[in-house]
Amino acid sequence: MERPLADEARALIASARLLLEDFIEEGVHSFERAVPTADTTAMHAERARSKPLETAREPVRTAAPPASGIASATPSVELPDEIVWSAQPTLEEVRNELGECTRCGLAVGRNRIVFGDGNPEADLMFVGEGPGQEEDRRGLPFVGKAGELLTQMIEKGLETPRSDVYICNIVKCRPPNNRTPLEAEIASCRPFLDAQIAAVKPKVIVALGKPASSLLLGRDVAITRIRGNWFEYRGIPLMPTLHPAYILRQYTPENRRHVWEDLKAALARSRE
Ligand code: SF4
């Protein structure tokens with residue numbers, strides 16, 4: 001087997017092993033095997049003939065799918081209607097569509113919407129959880145203490161100007177007392193994250209922390225177990241890693257090394 005193929009196979013096997021471990025942790029011990037019917041056989045044949053999603057130049061549609069794996073609570077929010085973007089939305093379009101958004105309860109307590117920051121054509125895109133106090137005050141993502149650490153890791157560690165990458169969050173308004181955003185809030189905001197990703201078209205996404213990783217992987221993940229492994233989000237390679245706020249709380253050489261390794265791998269892949 002050629003070397004790159006062998007590496008890819010090893011990465012796939014590692015991802016499959018983690019997925020199985022997650023199922024076991026969640027109490028799933030068996031699956032029912034679906035019996036093929038004439039209908040399902042025809043459906044699979046049709047799918048095989050269809051073009052892969054990322055090659056289609058259809059308008060990008062984003063609705064509010066369930067944000068699997070995120071802590072849920074009483075949904076006191078209004079889900080947005082389906083939004084139909086142009087074939088290749090720009091960040092400006094997405095920001096205009098967002099407007100002075102009141103689609104979820106987080107609108108009530110925010111000072112500013114924190115949309116995103118950086119190069120609109122970045123190869124590397126960072127997705128975090130939500131704005132904190134400083135971000136809410138300035139309207140920019142990752143400018144508080146955790147943001148300073150992220151900026152240092154990007155600029156000093158990766159030797160890349162922060163303005164070369166794109167940074168945003170899964171929710172654009174600050175949750176009260178910096179709590180984890182609720183499932184319904186994430187679902188309300190998700191169409192805009194998806195449209196940002198479609199607009200930037202990064203070569204690699206780095207998901208910072210559990211909520212962003214769980215959202216983008218569509219299942220509840222244990223970030224300390226899955227970090228450092230490659231996944232995909234809508235055909236884009238995705239590297240989950242520890243959130244800089246977690247690193248600040250657990251400032252151990254091991255955690256710093258882990259994030260450093262993950263970011264180096266992400267940068268290298270974005271340059272391939
Ligand atoms: S978090 Fe997102 S959906 Fe909720 S009000 Fe803010 S911008 Fe709108």
# chains A, B, ... in the order shown; residues from 1 in each chain; ligands from 1
>>> residues_near_ligand(ligand="ligand 1", cutoff="8 Å", atoms="only C-alpha atoms and all ligand atoms", output="MDAnalysis selection string")
chainID A and resid 98 100:108 110 113:115 171:174 185:190 192
>>> residues_around(residues="stretch 147-151 of chain A", least_positions_apart="6", cutoff="12 Å", atoms="only C-alpha atoms", output="count of residues only")
43
>>> closest_residue(among="A:Ile154, A:Leu193, A:Asp220, A:Ile205", to="A:Phe142", atoms="only C-alpha atoms")
A:Ile154
>>> select_by_dssp(residues="stretch 131-260 of chain A", states="alpha helix (DSSP H)", output="ChimeraX atom specification")
/A:133-138,145-152,183-200,210-217,223-226,244-249,253-260
>>> atom_distance(atom1="atom CA of A:Lys201", atom2="atom CA of A:Ala122")
7.6 Å
>>> atom_distance(atom1="atom CA of A:Pro253", atom2="atom CA of A:Pro181")
29.0 Å
>>> atom_distance(atom1="atom CA of A:Glu97", atom2="atom CA of A:Leu238")
26.2 Å
>>> residues_around(residues="A:Ala268", least_positions_apart="4", cutoff="12 Å", atoms="only C-alpha atoms", output="list in words")
Asp123, Leu124, Leu158, Thr160, Lys203, Val204, Pro237, Met239, Glu261, Asp262, Leu263, Lys264 and Glu272 of chain A
>>> closest_residue(among="A:Glu254, A:Leu182, A:Arg234, A:Ala199", to="A:Asn119", atoms="only C-alpha atoms")
A:Ala199
